[in-house]
Structures are given as C-alpha cells and as structure tokens.
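Structure first, commentary second.
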Amino acid sequence: MKSVLKSLANSIFLVLFIVFSSSTPLVLAQCEAETKTNGCHNYRESMKLKIIAIVAILLSSMIGVCLPLFSGQVPSLKPDRNLFTIVKAFSSGVILATGYMHVLPDSFNDLMSGCLPENPWRKFPFTTFVAMLSAVLTLMVDSFAMSVYKKRCGKALMADANNGGGLENTNVVPIDNFEHGHSHSLEMNDDVSSQLLRHRVIAQVLELGIVVHSVVIGLAMGASGNQCTIRSLIAALCFHQMFEGMGLGGCILQAEYEIKMKAIMVFFFSATTPLGIVLGIGLSKVYSETSPTSLMVVGLLNACSAGLLNYMALVDLLAADFLGPKLQTNMKLQAWSYVAVLLGAGFMSLMAKWA
C-alpha cells in the first residue's frame with residue numbers, strides 16, 4: 001500500500017514540478033496572437049464553467065470507478081461470472097481507445113506544433129519513440145515485480161514445507177502420494193498468489209498512467225480562458241472519466257484490496273482531474289498552453305501515458321483474458337467479449353470528436 005501511495009504521490013509532484021518549470025514567459029509572439037484572436041474569451045463565464053466542470057467531473061469519476069466495486073455485491077456481476085467478463089472487456093476497450101484516440105493524438109499535436117522549433121521536433125517522431133520506451137518500461141516493471149514476488153514466495157513456501165507445514169493431514173494421504181500432493185498444493189497456492197499479485201500490479205500501474213493523463217487534461221482546461229472550448233469539453237470529459245473509471249474499477253475489484261486501499265485508489269482517480277483544473281486556474285496568469293516549454297513537457301507526458309495505457313490494455317487486460325482458459329473454452333462468451341471490446345473502443349473513440 002505504501003508503494004502505491006508513494007508512486008501516485010511522486011507522479012503528481014512530478015507533474016506539479018514540470019508545470020511550475022513550464023510557467024515561464026517563453027511564448028512565441030505568433031502563437032500568443034493565435035490564442036487571443038478568438039471571440040470566446042470571457043474570464044467570468046469561463047470561471048463559472050470551470051467550477052461546474054470540477055463538480056461534474058468529480059461526480060462522474062466517482063460513479064464510474066465505484067460502479068464495478070459495488071457490482072461485486074450483485075451475484076451476476078461477480079468476477080467469476082460471464083457478465084463480469086463482458087463488462088471488463090468493454091472497459092478494456094475504453095482504456096485501449098483512451099491511449100490510441102485521446103492521449104496519443106494530443107501528444108502528436110503538442111510535439112508537432114508550429115510553436116516549437118522545426119529542428120528537432122518535426123524532424124524526429126518523438127511521440128512514438130517515447131510511447132515505445134514507456135511501453136517497454138511498463139513491461140519491465142510488470143516483469144520484475146512478478147519475478148521478485150515469485151522468488152520471495154517460493155522461498156517462503158519451501159521453508160514452510162521443510163518445517164513440516166501441511167503435515168497435519170498425513171493420516172489421510174497415502175505415503176507414496178504425499179510428496180506429489182503436497183507439491184501440487186504448493187503450486188496451487190503459488191498460482192493463486194501470483195494471479196492476485198498480477199491483478200494488483202495491473203491496477204497500480206494502470207492508475208499511475210491515468211493519474212498523469214488526468215492531471216494534464218485538468219491543467220489544460222483550468223488554464224484555458226476560452227469558454228467555447230470549456231463548454232464542449234465538460235460533457236465529453238464526464239463521459240471520458242466515467243468510462244475510464246469503469247475500466248480501472250474492474251481492475252481494483254480483481255485486485256481484492258481492503259476497503260481502505262480501495263478508497264485511496266478511488267480518491268486518487270476521482271480527484272486528479274479536478275485538481276488539475278484548480279492548478280490550471282491558479283497558474284492561468286503565468287501558464288500558457290502554447291509556450292514551447294509547456295508544449296514539450298505536456299507532449300512528452302502524454303506520450304509516456306499513451307505507451308503505458310496501450311501496453312496495459314493490450315497485454316495485461318485484453319490478451320490476459322482472451323488467451324486465458326475461460327474465454328478459450330467458451331467461444332460464445334469470447335464472441336460477446338469481442339463485441340464488448342469494439343463497443344467500448346467505439347464509444348471512447350466517438351468521444352475524441354469533442355475531447
């Protein structure tokens with residue numbers, strides 16, 4: 001739990017540091033002129049809309065991430081049921097589309113902006129390069145976390161076996177089958193523990209990527225003085241956060257955290273976008289989304305987030321389920337799950353029209 005809190009807090013502090021470092025008056029005259037030629041700049045009206053956005057996005061985020069958690073109380077929506085598998089496939093499609101249709105294009109727009117020097121930003125595909133490195137780094141974290149856990153767990157199980165753990169039932173186990181039965185039970189326990197750890201790693205890493213992306217989204221909205229843009233973003237971001245929260249909530253449910261840990265992860269997800277809006281409001285006098293430093297920082301952060309989300313959606317969520325025994329042995333459920341993935345990705349892709 002401490003590692004999760006530390007990683008989430010560090011990601012927020014990193015974004016805050018970058019925001020303050022990017023709040024320098026390095027704004028090109030032509031880019032500054034472009035942002036003020038629009039007739040939609042009204043401070044009072046935009047401030048009202050930002051306050052509405054904070055409340056609406058906070059509520060929609062909480063509803064989205066809490067729905068899967070409370071669905072565990074419904075028998076047909078428990079993790080071992082087919083309906084939960086279909087709902088999870090829908091949520092995985094949402095996260096996949098978030099990476100490809102929302103975060104990645106934003107990074108391209110930032111790093112290919114005419115406000116940045118042509119060399120090197122338009123001479124090299126930094127967005128895809130950083131996204132690729134981010135995906136590989138996520139794989140490394142995923143792999144090393146599992147390896148360390150299995151090594152420690154294996155030592156603990158062997159120590160338990162050597163100390164006579166589990167020997168209390170030897171009177172009902174044939175002597176020639178005892179060694180095989182005992183090793184089989186150890187393997188079963190190890191598999192269950194490894195699967196639970198994998199779900200927890202997935203939930204933590206996925207939330208880390210979403211938190212970074214959410215702060216960046218909120219910062220851009222809070223710093224904007226264009227009420228026309230803010231008005232169209234409110235509804236789109238509410239749906240965006242709700243669907244994204246459903247995906248994260250399903251991962252948190254499978255991780256089987258205690259109620260305190262669940263509450264902390266729900267809070268971090270729900271509060272980051274409103275926090276970003278508040279930060280953007282506070283920095284609106286010195287922060288410009290068209291400044292070269294801001295474009296570089298936000299573009300690179302979005303590229304990192306896109307690589308992480310794409311890896312998590314394809315490898316840890318979709319591939320893990322569709323190549324697993326449950327869907328491989330049930331073609332009907334597999335077909336419905338693919339429909340759910342396409343629906344989730346489709347709805348989230350449609351949201352890219354407005355956000």
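Each chain in the structure tokens gets a letter, A, B and so on, in the order shown; residues start at 1 in every chain, and ligands are counted from 1 in the order they appear.
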
* Find the residues around stretch 270-282 of chain A up to 6 Å (only C-alpha atoms counted), leave out those fewer than 4 positions away in its own chain, and share them as an MDAnalysis selection string. => chainID A and resid 54 58 61:62 214:215 218:219 221:223

* To do: For A:Leu248, please output as a list in words all residues within 10 Å (counting only C-alpha atoms; exclusion window: fewer than 6 positions along the same chain).
  =>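 With the cut-off at 10 Å, the set is Gly64, Val65, Cys66, Pro68, Leu69, Lys88, Ser91, Ser92, Ile95, Ile202, Ala203, Gln204, Leu206, Glu207, Ile210, Met242, Met265, Val266 and Phe269 of chain A.
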
* Counting only C-alpha atoms, the option among A:Met351, A:Val201, A:Cys251, A:Ile217 closest to A:Ala145 ->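 Smallest separation from A:Ala145 among the options: A:Val201.
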
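Picture a line from atom CA of A:Asn82 to atom CA of A:Lys262; it runs 23.5 Å.
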